[in-house]
Each structure stands twice: as structure tokens, then as C-alpha cells.
$ cat my_file-v7.pdb   # PDB, C-alpha atoms
ATOM      1  CA  MET C1161       9.598   4.142  13.756
ATOM      2  CA  THR C1162      11.059   2.220  10.818
ATOM      3  CA  VAL C1163       7.661   2.010   9.088
ATOM      4  CA  ASN C1164       4.895   4.586   9.213
ATOM      5  CA  LEU C1165       1.286   4.798   8.046
ATOM      6  CA  GLU C1166      -0.047   8.114   6.805
ATOM      7  CA  VAL C1167      -3.655   8.480   5.683
ATOM      8  CA  ALA C1168      -5.099  11.205   3.477
ATOM      9  CA  GLU C1169      -8.277  11.227   1.393
ATOM     10  CA  GLY C1170      -8.816   7.503   1.711
ATOM     11  CA  VAL C1171      -5.257   6.523   0.724
ATOM     12  CA  GLY C1172      -2.969   4.985   3.304
ATOM     13  CA  THR C1173       0.751   5.223   2.581
ATOM     14  CA  ILE C1174       2.878   2.605   4.323
ATOM     15  CA  ARG C1175       6.292   4.265   4.276
ATOM     16  CA  LEU C1176       9.533   2.418   4.960
ATOM     17  CA  ASP C1177      11.909   4.716   6.816
ATOM     18  CA  ARG C1178      15.129   2.982   7.803
ATOM     19  CA  PRO C1179      17.981   4.863   6.103
ATOM     20  CA  PRO C1180      20.065   4.442   4.158
ATOM     21  CA  MET C1181      18.711   1.343   2.373
ATOM     22  CA  ASN C1182      15.510   0.419   4.248
ATOM     23  CA  ALA C1183      17.019  -2.897   5.324
ATOM     24  CA  LEU C1184      14.230  -5.119   6.629
ATOM     25  CA  ASP C1185      15.372  -6.165  10.090
ATOM     26  CA  THR C1186      13.059  -8.046  12.462
ATOM     27  CA  ALA C1187      11.728  -4.866  14.075
ATOM     28  CA  THR C1188      10.857  -3.450  10.648
ATOM     29  CA  GLN C1189       9.179  -6.702   9.638
ATOM     30  CA  ASP C1190       7.067  -6.730  12.803
ATOM     31  CA  ARG C1191       6.123  -3.086  12.365
ATOM     32  CA  LEU C1192       5.157  -3.765   8.758
ATOM     33  CA  ARG C1193       2.760  -6.473   9.909
ATOM     34  CA  GLU C1194       1.235  -4.168  12.534
ATOM     35  CA  LEU C1195       0.576  -1.426  10.013
ATOM     36  CA  ALA C1196      -0.783  -3.826   7.399
ATOM     37  CA  GLU C1197      -3.271  -5.044   9.987
ATOM     38  CA  GLU C1198      -4.097  -1.446  10.920
ATOM     39  CA  ALA C1199      -4.671  -0.529   7.264
ATOM     40  CA  THR C1200      -6.928  -3.555   6.963
ATOM     41  CA  ALA C1201      -9.011  -2.558   9.972
ATOM     42  CA  ARG C1202      -9.347   1.189   9.375
ATOM     43  CA  ASP C1203     -12.446   2.292   7.487
ATOM     44  CA  ASP C1204     -10.758   5.553   6.454
ATOM     45  CA  VAL C1205      -8.125   3.558   4.539
ATOM     46  CA  ARG C1206      -9.698   2.484   1.251
ATOM     47  CA  SER C1207      -6.508   1.815  -0.723
ATOM     48  CA  VAL C1208      -2.800   1.548   0.095
ATOM     49  CA  VAL C1209       0.546   2.663  -1.324
ATOM     50  CA  ILE C1210       3.764   0.990  -0.180
ATOM     51  CA  HIS C1211       6.681   3.358  -0.593
ATOM     52  CA  GLY C1212      10.323   3.413   0.428
ATOM     53  CA  GLY C1213      11.090   7.010  -0.410
ATOM     54  CA  GLU C1214      12.603   8.737  -3.413
ATOM     55  CA  LYS C1215      15.897   6.805  -3.533
ATOM     56  CA  VAL C1216      15.289   3.210  -2.502
ATOM     57  CA  PHE C1217      12.323   0.894  -1.958
ATOM     58  CA  ALA C1218      14.069  -1.725   0.176
ATOM     59  CA  ALA C1219      17.450  -3.323  -0.420
ATOM     60  CA  GLY C1220      16.553  -6.540   1.387
ATOM     61  CA  ALA C1221      16.991  -8.120   4.798
ATOM     62  CA  ASP C1222      19.456  -6.940   7.400
ATOM     63  CA  ILE C1223      22.334  -9.300   6.586
ATOM     64  CA  LYS C1224      24.328  -8.461   9.721
ATOM     65  CA  GLU C1225      21.336  -9.378  11.847
ATOM     66  CA  MET C1226      20.788 -12.638   9.960
ATOM     67  CA  GLN C1227      24.468 -13.576  10.129
ATOM     68  CA  ALA C1228      24.162 -13.830  13.894
ATOM     69  CA  MET C1229      21.280 -16.317  13.656
ATOM     70  CA  ASP C1230      21.761 -20.071  13.700
ATOM     71  CA  HIS C1231      19.377 -22.738  12.420
ATOM     72  CA  ALA C1232      17.318 -22.839  15.604
ATOM     73  CA  ALA C1233      16.896 -19.069  15.650
ATOM     74  CA  MET C1234      15.754 -18.932  12.029
ATOM     75  CA  VAL C1235      13.342 -21.845  12.463
ATOM     76  CA  LYS C1236      11.736 -19.749  15.189
ATOM     77  CA  ARG C1237      11.838 -16.510  13.161
ATOM     78  CA  SER C1238      10.963 -17.624   9.629
ATOM     79  CA  LYS C1239       7.223 -17.985  10.280
ATOM     80  CA  SER C1240       7.039 -14.445  11.663
ATOM     81  CA  LEU C1241       8.976 -13.213   8.639
ATOM     82  CA  GLN C1242       6.494 -14.753   6.228
ATOM     83  CA  ASP C1243       3.531 -13.631   8.328
ATOM     84  CA  SER C1244       4.661 -10.009   8.090
ATOM     85  CA  PHE C1245       4.642 -10.102   4.297
ATOM     86  CA  THR C1246       1.457 -12.149   4.132
ATOM     87  CA  ALA C1247      -0.273  -9.479   6.215
ATOM     88  CA  VAL C1248       0.519  -7.012   3.424
ATOM     89  CA  ALA C1249      -0.616  -9.411   0.703
ATOM     90  CA  ARG C1250      -3.909  -9.954   2.535
ATOM     91  CA  ILE C1251      -4.868  -6.322   2.943
ATOM     92  CA  PRO C1252      -8.395  -6.592   1.461
ATOM     93  CA  LYS C1253      -8.054  -3.298  -0.382
ATOM     94  CA  PRO C1254      -6.197  -2.237  -3.537
ATOM     95  CA  VAL C1255      -2.451  -2.058  -2.836
ATOM     96  CA  VAL C1256       0.216  -0.554  -5.107
ATOM     97  CA  ALA C1257       3.978  -0.696  -4.603
ATOM     98  CA  ALA C1258       5.809   2.507  -5.577
ATOM     99  CA  VAL C1259       9.246   1.118  -6.425
ATOM    100  CA  THR C1260      12.228   3.449  -6.604
ATOM    101  CA  GLY C1261      15.876   2.426  -6.607
ATOM    102  CA  TYR C1262      16.607  -1.037  -5.271
ATOM    103  CA  ALA C1263      13.935  -3.622  -4.504
ATOM    104  CA  LEU C1264      16.081  -6.640  -3.726
ATOM    105  CA  GLY C1265      15.545  -9.782  -1.686
ATOM    106  CA  GLY C1266      12.959  -8.953   0.946
ATOM    107  CA  GLY C1267      12.354  -5.658  -0.827
ATOM    108  CA  CYS C1268      11.369  -7.467  -4.005
ATOM    109  CA  GLU C1269       9.252  -9.886  -1.981
ATOM    110  CA  LEU C1270       7.461  -6.945  -0.367
ATOM    111  CA  ALA C1271       6.692  -5.460  -3.788
ATOM    112  CA  LEU C1272       5.308  -8.850  -4.840
ATOM    113  CA  CYS C1273       2.702  -8.546  -2.075
ATOM    114  CA  ALA C1274       1.074  -5.566  -3.824
ATOM    115  CA  ASP C1275      -1.651  -5.827  -6.440
ATOM    116  CA  ILE C1276       0.382  -3.811  -8.944
ATOM    117  CA  ARG C1277       3.900  -2.403  -9.042
ATOM    118  CA  ILE C1278       4.788   1.007 -10.472
ATOM    119  CA  ALA C1279       8.560   1.332 -10.879
ATOM    120  CA  GLY C1280      10.892   4.190 -11.613
ATOM    121  CA  GLU C1281      13.134   4.122 -14.671
ATOM    122  CA  GLY C1282      16.144   3.622 -12.424
ATOM    123  CA  ALA C1283      14.658   0.792 -10.372
ATOM    124  CA  LYS C1284      16.450  -2.542 -10.009
ATOM    125  CA  LEU C1285      14.711  -5.665  -8.742
ATOM    126  CA  GLY C1286      15.910  -9.138  -7.897
ATOM    127  CA  GLN C1287      16.172 -12.074  -5.522
ATOM    128  CA  PRO C1288      19.896 -12.294  -4.710
ATOM    129  CA  GLU C1289      19.591 -14.709  -1.776
ATOM    130  CA  ILE C1290      21.356 -17.494  -3.707
ATOM    131  CA  LEU C1291      24.538 -15.399  -3.558
ATOM    132  CA  LEU C1292      24.405 -15.830   0.240
ATOM    133  CA  GLY C1293      23.857 -19.566  -0.007
ATOM    134  CA  LEU C1294      20.144 -19.100   0.700
ATOM    135  CA  ILE C1295      16.798 -18.960  -1.084
ATOM    136  CA  PRO C1296      14.085 -16.314  -0.748
ATOM    137  CA  GLY C1297      12.286 -16.836   2.562
ATOM    138  CA  ALA C1298       9.526 -14.221   2.600
ATOM    139  CA  GLY C1299       7.413 -15.640  -0.216
ATOM    140  CA  GLY C1300       9.723 -15.043  -3.166
ATOM    141  CA  THR C1301       9.764 -18.603  -4.456
ATOM    142  CA  GLN C1302       5.962 -18.667  -4.409
ATOM    143  CA  ARG C1303       4.693 -15.198  -5.322
ATOM    144  CA  LEU C1304       7.343 -14.565  -7.970
ATOM    145  CA  ALA C1305       6.592 -17.823  -9.792
ATOM    146  CA  ARG C1306       2.871 -17.097  -9.711
ATOM    147  CA  LEU C1307       3.458 -13.626 -11.119
ATOM    148  CA  VAL C1308       6.002 -14.184 -13.905
ATOM    149  CA  GLY C1309       5.879 -17.962 -14.377
ATOM    150  CA  PRO C1310       8.224 -20.667 -13.077
ATOM    151  CA  ALA C1311      10.967 -20.368 -15.729
ATOM    152  CA  LYS C1312      11.487 -16.628 -15.298
ATOM    153  CA  ALA C1313      11.253 -16.961 -11.531
ATOM    154  CA  LYS C1314      13.890 -19.690 -11.501
ATOM    155  CA  ASP C1315      16.168 -17.577 -13.676
ATOM    156  CA  LEU C1316      16.066 -14.738 -11.144
ATOM    157  CA  ILE C1317      16.268 -16.995  -8.095
ATOM    158  CA  PHE C1318      18.972 -19.342  -9.436
ATOM    159  CA  THR C1319      21.277 -16.563 -10.654
ATOM    160  CA  GLY C1320      20.539 -13.873  -8.085
ATOM    161  CA  ARG C1321      20.835 -11.289 -10.841
ATOM    162  CA  GLN C1322      19.252  -7.853 -10.717
ATOM    163  CA  VAL C1323      16.930  -6.728 -13.494
ATOM    164  CA  LYS C1324      16.475  -3.127 -14.522
ATOM    165  CA  ALA C1325      13.049  -1.581 -14.922
ATOM    166  CA  PRO C1326      12.609  -2.230 -18.683
ATOM    167  CA  GLU C1327      13.332  -5.955 -18.327
ATOM    168  CA  ALA C1328      11.191  -6.136 -15.197
ATOM    169  CA  LEU C1329       8.335  -4.631 -17.207
ATOM    170  CA  GLU C1330       8.859  -7.030 -20.097
ATOM    171  CA  MET C1331       8.748 -10.097 -17.851
ATOM    172  CA  GLY C1332       5.731  -8.833 -15.895
ATOM    173  CA  LEU C1333       7.573  -8.244 -12.639
ATOM    174  CA  VAL C1334       6.388  -4.621 -12.687
ATOM    175  CA  ASP C1335       3.302  -3.218 -14.372
ATOM    176  CA  ARG C1336       4.350   0.308 -15.276
ATOM    177  CA  VAL C1337       7.637   2.202 -15.601
ATOM    178  CA  VAL C1338       7.636   5.966 -15.092
ATOM    179  CA  PRO C1339      10.247   8.665 -14.453
ATOM    180  CA  ASP C1340      11.791   8.201 -11.015
ATOM    181  CA  GLU C1341      10.427  11.481  -9.720
ATOM    182  CA  GLU C1342       6.856  10.496 -10.661
ATOM    183  CA  VAL C1343       6.715   7.070  -9.017
ATOM    184  CA  TYR C1344       4.937   7.999  -5.805
ATOM    185  CA  GLU C1345       2.703  10.548  -7.516
ATOM    186  CA  GLN C1346       1.455   8.004 -10.055
ATOM    187  CA  ALA C1347       1.109   5.250  -7.471
ATOM    188  CA  ARG C1348      -0.924   7.519  -5.260
ATOM    189  CA  ALA C1349      -3.093   8.606  -8.193
ATOM    190  CA  TRP C1350      -3.891   4.946  -8.909
ATOM    191  CA  ALA C1351      -4.724   4.352  -5.248
ATOM    192  CA  ALA C1352      -6.759   7.566  -4.969
ATOM    193  CA  ARG C1353      -8.935   6.636  -7.927
ATOM    194  CA  LEU C1354      -9.753   3.259  -6.390
ATOM    195  CA  ALA C1355     -10.298   4.816  -2.959
ATOM    196  CA  LYS C1356     -13.434   6.338  -4.475
ATOM    197  CA  GLY C1357     -14.679   2.975  -5.709
ATOM    198  CA  PRO C1358     -17.074   0.460  -4.140
ATOM    199  CA  ALA C1359     -15.081  -0.898  -1.209
ATOM    200  CA  ILE C1360     -16.864  -4.221  -0.770
ATOM    201  CA  ALA C1361     -16.841  -4.995  -4.499
ATOM    202  CA  LEU C1362     -13.114  -4.222  -4.659
ATOM    203  CA  ARG C1363     -12.530  -6.535  -1.721
ATOM    204  CA  ALA C1364     -14.584  -9.210  -3.451
ATOM    205  CA  ALA C1365     -12.637  -8.821  -6.681
ATOM    206  CA  LYS C1366      -9.273  -9.036  -4.930
ATOM    207  CA  GLU C1367     -10.202 -12.065  -2.858
ATOM    208  CA  SER C1368     -11.732 -13.863  -5.837
ATOM    209  CA  VAL C1369      -8.597 -13.414  -7.952
ATOM    210  CA  ASP C1370      -6.165 -14.250  -5.144
ATOM    211  CA  VAL C1371      -8.041 -17.319  -3.891
ATOM    212  CA  GLY C1372      -8.524 -18.503  -7.447
ATOM    213  CA  LEU C1373      -4.783 -18.422  -8.051
ATOM    214  CA  GLU C1374      -4.200 -20.581  -4.994
ATOM    215  CA  THR C1375      -6.782 -23.257  -5.692
ATOM    216  CA  ASP C1376      -8.518 -25.212  -8.449
ATOM    217  CA  LEU C1377     -10.877 -23.656 -10.997
ATOM    218  CA  GLU C1378     -14.041 -25.107  -9.473
ATOM    219  CA  THR C1379     -13.248 -23.677  -6.052
ATOM    220  CA  GLY C1380     -12.302 -20.337  -7.570
ATOM    221  CA  LEU C1381     -15.572 -20.165  -9.458
ATOM    222  CA  ALA C1382     -17.472 -20.925  -6.249
ATOM    223  CA  VAL C1383     -15.723 -18.044  -4.468
ATOM    224  CA  GLU C1384     -16.543 -15.740  -7.382
ATOM    225  CA  ARG C1385     -20.164 -16.904  -7.496
ATOM    226  CA  ASN C1386     -20.706 -16.377  -3.773
ATOM    227  CA  TRP C1387     -19.207 -12.893  -3.815
ATOM    228  CA  PHE C1388     -21.106 -11.951  -6.990
ATOM    229  CA  ALA C1389     -24.450 -12.907  -5.484
ATOM    230  CA  GLY C1390     -23.556 -11.410  -2.103
ATOM    231  CA  LEU C1391     -22.827  -8.009  -3.607
ATOM    232  CA  PHE C1392     -26.496  -7.716  -4.549
ATOM    233  CA  ALA C1393     -27.124  -7.069  -0.844
ATOM    234  CA  THR C1394     -24.881  -3.979  -0.763
ATOM    235  CA  GLU C1395     -25.792  -0.330  -1.061
ATOM    236  CA  ASP C1396     -22.913   0.157  -3.493
ATOM    237  CA  ARG C1397     -24.533  -2.270  -5.926
ATOM    238  CA  ALA C1398     -27.813  -0.358  -5.691
ATOM    239  CA  THR C1399     -25.993   2.937  -6.174
ATOM    240  CA  GLY C1400     -23.990   1.684  -9.144
ATOM    241  CA  MET C1401     -26.949   0.220 -11.004
ATOM    242  CA  ARG C1402     -29.212   3.183 -10.287
ATOM    243  CA  SER C1403     -26.544   5.570 -11.566
ATOM    244  CA  PHE C1404     -26.003   3.476 -14.690
ATOM    245  CA  VAL C1405     -29.702   3.464 -15.541
ATOM    246  CA  GLU C1406     -30.267   7.147 -14.803
ATOM    247  CA  GLU C1407     -26.952   8.754 -15.815
ATOM    248  CA  GLY C1408     -25.031   6.242 -17.913
ATOM    249  CA  PRO C1409     -21.867   4.254 -17.115
ATOM    250  CA  GLY C1410     -18.991   5.422 -14.941
ATOM    251  CA  LYS C1411     -20.753   8.200 -13.019
ATOM    252  CA  ALA C1412     -21.669   6.459  -9.755
ATOM    253  CA  LYS C1413     -20.401   7.990  -6.520
ATOM    254  CA  PHE C1414     -19.841   5.401  -3.845
ATOM    255  CA  GLY C1415     -19.805   6.033  -0.123
TER     256      GLY C1415
END
$ encode --input "my_file-v7.pdb" --output "C-alpha cells"
Amino acid sequence: MTVNLEVAEGVGTIRLDRPPMNALDTATQDRLRELAEEATARDDVRSVVIHGGEKVFAAGADIKEMQAMDHAAMVKRSKSLQDSFTAVARIPKPVVAAVTGYALGGGCELALCADIRIAGEGAKLGQPEILLGLIPGAGGTQRLARLVGPAKAKDLIFTGRQVKAPEALEMGLVDRVVPDEEVYEQARAWAARLAKGPAIALRAAKESVDVGLETDLETGLAVERNWFAGLFATEDRATGMRSFVEEGPGKAKFG
């Protein structure tokens, strides 16, 4: 398989495994969607790490495969391409991208689907599709602009240039830069901590933020309000408040 899901102690690792560069061909895209949906459905998966291995996250689409496609073929395929990445973005659990080496084109777009991105010191990110006479087609024009702002997104998309980890951190494209050999370890630690948290409240928080970014303030506030009130019906809310009153903050153990 070109993508695998491994689960341990509440953390699901979606691992790209298509050497040497984890090129995202159609089979890999489809498998990615399948595993994102599986991670969504499984109760034993409470948080997710997306990882490409120690040397490369994903260097982008399979150019040789795309070269053989004409307009009609890509019209048919492009929706499935976007759906695969959207399935990752819509995992209703905390998701972290562990970015090592290259995260270019589709690889960068995949990292954008995570809630946070932890990158190695040697990581390079970018949207080089313009150099092929194309634009990003797996959400790059939309998610990148929402993350770093339109001007910085246009700079990367218009020029196709790669940015190293320090610049990516400065512009907000990644959230943390660590030694290359610590990327997965730190990403998994982040995911493991949240795997012990209140699952429904984390889902509510993620959906409230994501929906709010895609709509107007009034609608976003309504989503927040409905989730906030709804959480008062959960056992986790009862557990958290009881623990706070009896033991002080930060000591609740959620199921």
C-alpha cells in the first residue's frame, strides 16, 4: 500500500509510503481518502499524525501520470483529487502534519489540511505548479491563502518558489521547527496529549473554528453557541467540571 494507517494509544499515524519521493499519484490519493475516512470513523483513533517518513513528506503529484492526461481526463479527476484532501481536512479530530524534507505541490497542500504543521529544520515547502503552467489543484489556492494571507499565498503560488523552514515559520506556513530527527516524535507527542482530551469538545472546537473561517461572523457564532450549549449534555463536561471543583484545573481524566 502507498499509504498506511497505524494506531497506537489513541494516535493514528497516516504514513505515506511511496519511495523515493512519496509522489501523490491517483492510487495514493484514493488511498489517502479511504484512510482519512477510516480514521474519522474509528473510536480508537482520537488524534492523527500525517507523516511521510524521515526523508521526505511528499514531493507533489506524479507528473508523469498527469502528463498523460488531457483536459477531459482532468475534469473527471480533479473533483476526486480535491475530495481526497478534503477528507483529511475534515477528520473531526486533532491532526498534525510531521513535515520532513520536501512538501511541495500536493505535498504542501496535504500539510495544509492538518490543524498544525511541525517541520524539520531541513524542510522545504512550496507550490511550484506555476512552473508547469498550472495552478495548485488540491486546495492550495484556498487553504494557503486562509492560512498565511492572500499576499504571501500569491507570492508562493505566482513564483513557484520553495521556502525553507525558518521562512515558512515566519510566514505562518508551519507552526514549529525542530531538528529533523525529532519531527515525528514531537508531532506524535502533540497528538498523544490531545488523544487524552475530551473527544467531543475537541471535535466541537475544530468544527467551530473551521466553519467560522468559511462563513460570516454571525453564522460562526451560531455554530459556536450550539456546540457550547450541546457540550453540557456530555459526560466529558461533567467530568471536567467535577475535577476542576474537587481537584483544581488541568487534572481531569477523560474517557
$ closest_residue --input "my_file-v7.pdb" --among "C:Arg1178, C:Lys1324, C:Lys1253, C:Arg1202" --to "C:Ala1219" --atoms "only C-alpha atoms"
C:Arg1178
$ resolve_selection --input "my_file-v7.pdb" --expression "the PyMOL selection byres ((chain C and resi 1415) around 8)" --output "number ranges by chain"
C: 1356, 1358, 1396, 1413-1414
$ closest_residue --input "my_file-v7.pdb" --among "C:Asp1177, C:Asp1230, C:Glu1197, C:Asp1275" --to "C:Trp1350" --atoms "all atoms listed in the file"
C:Asp1275
$ resolve_selection --input "my_file-v7.pdb" --expression "the PyMOL selection byres ((chain C and resi 1246) around 10)" --output "ChimeraX atom specification"
/C:1193,1196,1240-1245,1247-1251,1270,1273,1298-1299
$ closest_residue --input "my_file-v7.pdb" --among "C:Arg1306, C:Arg1321, C:Leu1292, C:Glu1406" --to "C:Gln1227" --atoms "all atoms listed in the file"
C:Leu1292
$ closest_residue --input "my_file-v7.pdb" --among "C:Val1337, C:Ala1221, C:Ala1279, C:Val1171" --to "C:Gly1297" --atoms "all atoms listed in the file"
C:Ala1221
$ decode --input "my_file-v7.pdb" --residues "stretch 1278-1315 of chain C" --atoms "N, CA and C atoms" --output "PDB file, in the first residue's frame"
ATOM      1  N   ILE C1278       4.325  20.650  12.092  1.00  0.00           N
ATOM      2  CA  ILE C1278       5.634  20.641  12.735  1.00  0.00           C
ATOM      3  C   ILE C1278       6.654  20.229  11.680  1.00  0.00           C
ATOM      4  N   ALA C1279       7.620  21.108  11.414  1.00  0.00           N
ATOM      5  CA  ALA C1279       8.566  20.881  10.318  1.00  0.00           C
ATOM      6  C   ALA C1279       9.982  20.686  10.830  1.00  0.00           C
ATOM      7  N   GLY C1280      10.736  19.901  10.100  1.00  0.00           N
ATOM      8  CA  GLY C1280      12.147  19.736  10.402  1.00  0.00           C
ATOM      9  C   GLY C1280      12.948  20.924   9.912  1.00  0.00           C
ATOM     10  N   GLU C1281      14.127  21.108  10.469  1.00  0.00           N
ATOM     11  CA  GLU C1281      14.985  22.233  10.088  1.00  0.00           C
ATOM     12  C   GLU C1281      15.359  22.200   8.613  1.00  0.00           C
ATOM     13  N   GLY C1282      15.383  21.021   8.033  1.00  0.00           N
ATOM     14  CA  GLY C1282      15.741  20.902   6.622  1.00  0.00           C
ATOM     15  C   GLY C1282      14.556  20.866   5.682  1.00  0.00           C
ATOM     16  N   ALA C1283      13.362  21.110   6.173  1.00  0.00           N
ATOM     17  CA  ALA C1283      12.166  21.034   5.343  1.00  0.00           C
ATOM     18  C   ALA C1283      12.114  22.177   4.327  1.00  0.00           C
ATOM     19  N   LYS C1284      11.518  21.896   3.191  1.00  0.00           N
ATOM     20  CA  LYS C1284      11.271  22.907   2.158  1.00  0.00           C
ATOM     21  C   LYS C1284       9.832  22.737   1.675  1.00  0.00           C
ATOM     22  N   LEU C1285       9.105  23.861   1.655  1.00  0.00           N
ATOM     23  CA  LEU C1285       7.701  23.824   1.265  1.00  0.00           C
ATOM     24  C   LEU C1285       7.451  24.778   0.113  1.00  0.00           C
ATOM     25  N   GLY C1286       6.427  24.490  -0.676  1.00  0.00           N
ATOM     26  CA  GLY C1286       6.109  25.389  -1.772  1.00  0.00           C
ATOM     27  C   GLY C1286       5.013  24.852  -2.662  1.00  0.00           C
ATOM     28  N   GLN C1287       4.535  25.734  -3.532  1.00  0.00           N
ATOM     29  CA  GLN C1287       3.516  25.396  -4.530  1.00  0.00           C
ATOM     30  C   GLN C1287       4.099  25.695  -5.908  1.00  0.00           C
ATOM     31  N   PRO C1288       4.844  24.758  -6.487  1.00  0.00           N
ATOM     32  CA  PRO C1288       5.556  25.029  -7.737  1.00  0.00           C
ATOM     33  C   PRO C1288       4.745  24.774  -9.010  1.00  0.00           C
ATOM     34  N   GLU C1289       3.427  24.618  -8.887  1.00  0.00           N
ATOM     35  CA  GLU C1289       2.636  24.255 -10.062  1.00  0.00           C
ATOM     36  C   GLU C1289       2.748  25.258 -11.201  1.00  0.00           C
ATOM     37  N   ILE C1290       2.978  26.543 -10.878  1.00  0.00           N
ATOM     38  CA  ILE C1290       3.060  27.566 -11.921  1.00  0.00           C
ATOM     39  C   ILE C1290       4.198  27.276 -12.882  1.00  0.00           C
ATOM     40  N   LEU C1291       5.234  26.584 -12.409  1.00  0.00           N
ATOM     41  CA  LEU C1291       6.381  26.242 -13.247  1.00  0.00           C
ATOM     42  C   LEU C1291       6.029  25.169 -14.281  1.00  0.00           C
ATOM     43  N   LEU C1292       4.860  24.541 -14.102  1.00  0.00           N
ATOM     44  CA  LEU C1292       4.356  23.556 -15.065  1.00  0.00           C
ATOM     45  C   LEU C1292       3.245  24.149 -15.932  1.00  0.00           C
ATOM     46  N   GLY C1293       3.008  25.456 -15.753  1.00  0.00           N
ATOM     47  CA  GLY C1293       1.907  26.075 -16.471  1.00  0.00           C
ATOM     48  C   GLY C1293       0.561  25.772 -15.841  1.00  0.00           C
ATOM     49  N   LEU C1294       0.567  25.475 -14.543  1.00  0.00           N
ATOM     50  CA  LEU C1294      -0.655  25.107 -13.824  1.00  0.00           C
ATOM     51  C   LEU C1294      -0.819  25.968 -12.572  1.00  0.00           C
ATOM     52  N   ILE C1295      -1.874  25.723 -11.840  1.00  0.00           N
ATOM     53  CA  ILE C1295      -2.055  26.291 -10.502  1.00  0.00           C
ATOM     54  C   ILE C1295      -2.296  25.124  -9.542  1.00  0.00           C
ATOM     55  N   PRO C1296      -2.170  25.343  -8.246  1.00  0.00           N
ATOM     56  CA  PRO C1296      -2.498  24.276  -7.306  1.00  0.00           C
ATOM     57  C   PRO C1296      -3.936  23.813  -7.518  1.00  0.00           C
ATOM     58  N   GLY C1297      -4.154  22.493  -7.460  1.00  0.00           N
ATOM     59  CA  GLY C1297      -5.492  21.970  -7.732  1.00  0.00           C
ATOM     60  C   GLY C1297      -6.078  21.125  -6.629  1.00  0.00           C
ATOM     61  N   ALA C1298      -5.360  21.020  -5.498  1.00  0.00           N
ATOM     62  CA  ALA C1298      -5.853  20.203  -4.384  1.00  0.00           C
ATOM     63  C   ALA C1298      -6.118  21.070  -3.159  1.00  0.00           C
ATOM     64  N   GLY C1299      -6.513  22.320  -3.407  1.00  0.00           N
ATOM     65  CA  GLY C1299      -6.870  23.212  -2.306  1.00  0.00           C
ATOM     66  C   GLY C1299      -5.840  24.268  -1.986  1.00  0.00           C
ATOM     67  N   GLY C1300      -4.725  24.287  -2.696  1.00  0.00           N
ATOM     68  CA  GLY C1300      -3.645  25.209  -2.377  1.00  0.00           C
ATOM     69  C   GLY C1300      -4.007  26.677  -2.490  1.00  0.00           C
ATOM     70  N   THR C1301      -4.779  27.035  -3.505  1.00  0.00           N
ATOM     71  CA  THR C1301      -5.129  28.449  -3.656  1.00  0.00           C
ATOM     72  C   THR C1301      -6.073  28.905  -2.547  1.00  0.00           C
ATOM     73  N   GLN C1302      -6.783  27.971  -1.940  1.00  0.00           N
ATOM     74  CA  GLN C1302      -7.770  28.324  -0.922  1.00  0.00           C
ATOM     75  C   GLN C1302      -7.219  28.183   0.499  1.00  0.00           C
ATOM     76  N   ARG C1303      -6.677  27.032   0.822  1.00  0.00           N
ATOM     77  CA  ARG C1303      -6.197  26.811   2.195  1.00  0.00           C
ATOM     78  C   ARG C1303      -4.945  27.628   2.495  1.00  0.00           C
ATOM     79  N   LEU C1304      -4.069  27.789   1.520  1.00  0.00           N
ATOM     80  CA  LEU C1304      -2.853  28.562   1.759  1.00  0.00           C
ATOM     81  C   LEU C1304      -3.186  30.016   2.032  1.00  0.00           C
ATOM     82  N   ALA C1305      -4.081  30.597   1.248  1.00  0.00           N
ATOM     83  CA  ALA C1305      -4.463  32.000   1.452  1.00  0.00           C
ATOM     84  C   ALA C1305      -5.139  32.203   2.797  1.00  0.00           C
ATOM     85  N   ARG C1306      -5.945  31.245   3.221  1.00  0.00           N
ATOM     86  CA  ARG C1306      -6.600  31.354   4.517  1.00  0.00           C
ATOM     87  C   ARG C1306      -5.597  31.250   5.656  1.00  0.00           C
ATOM     88  N   LEU C1307      -4.530  30.508   5.433  1.00  0.00           N
ATOM     89  CA  LEU C1307      -3.547  30.288   6.495  1.00  0.00           C
ATOM     90  C   LEU C1307      -2.568  31.445   6.622  1.00  0.00           C
ATOM     91  N   VAL C1308      -1.986  31.890   5.519  1.00  0.00           N
ATOM     92  CA  VAL C1308      -0.911  32.891   5.587  1.00  0.00           C
ATOM     93  C   VAL C1308      -1.328  34.258   5.062  1.00  0.00           C
ATOM     94  N   GLY C1309      -2.547  34.362   4.534  1.00  0.00           N
ATOM     95  CA  GLY C1309      -2.997  35.627   3.951  1.00  0.00           C
ATOM     96  C   GLY C1309      -2.804  35.630   2.442  1.00  0.00           C
ATOM     97  N   PRO C1310      -3.594  36.429   1.728  1.00  0.00           N
ATOM     98  CA  PRO C1310      -3.564  36.395   0.263  1.00  0.00           C
ATOM     99  C   PRO C1310      -2.240  36.842  -0.342  1.00  0.00           C
ATOM    100  N   ALA C1311      -1.583  37.860   0.211  1.00  0.00           N
ATOM    101  CA  ALA C1311      -0.351  38.363  -0.410  1.00  0.00           C
ATOM    102  C   ALA C1311       0.762  37.318  -0.353  1.00  0.00           C
ATOM    103  N   LYS C1312       0.955  36.709   0.805  1.00  0.00           N
ATOM    104  CA  LYS C1312       2.000  35.696   0.933  1.00  0.00           C
ATOM    105  C   LYS C1312       1.664  34.455   0.109  1.00  0.00           C
ATOM    106  N   ALA C1313       0.384  34.111   0.066  1.00  0.00           N
ATOM    107  CA  ALA C1313      -0.023  32.969  -0.748  1.00  0.00           C
ATOM    108  C   ALA C1313       0.244  33.233  -2.230  1.00  0.00           C
ATOM    109  N   LYS C1314      -0.077  34.422  -2.685  1.00  0.00           N
ATOM    110  CA  LYS C1314       0.158  34.749  -4.094  1.00  0.00           C
ATOM    111  C   LYS C1314       1.644  34.757  -4.417  1.00  0.00           C
ATOM    112  N   ASP C1315       2.457  35.215  -3.492  1.00  0.00           N
ATOM    113  CA  ASP C1315       3.905  35.191  -3.709  1.00  0.00           C
ATOM    114  C   ASP C1315       4.361  33.760  -3.983  1.00  0.00           C
TER     115      ASP C1315
END
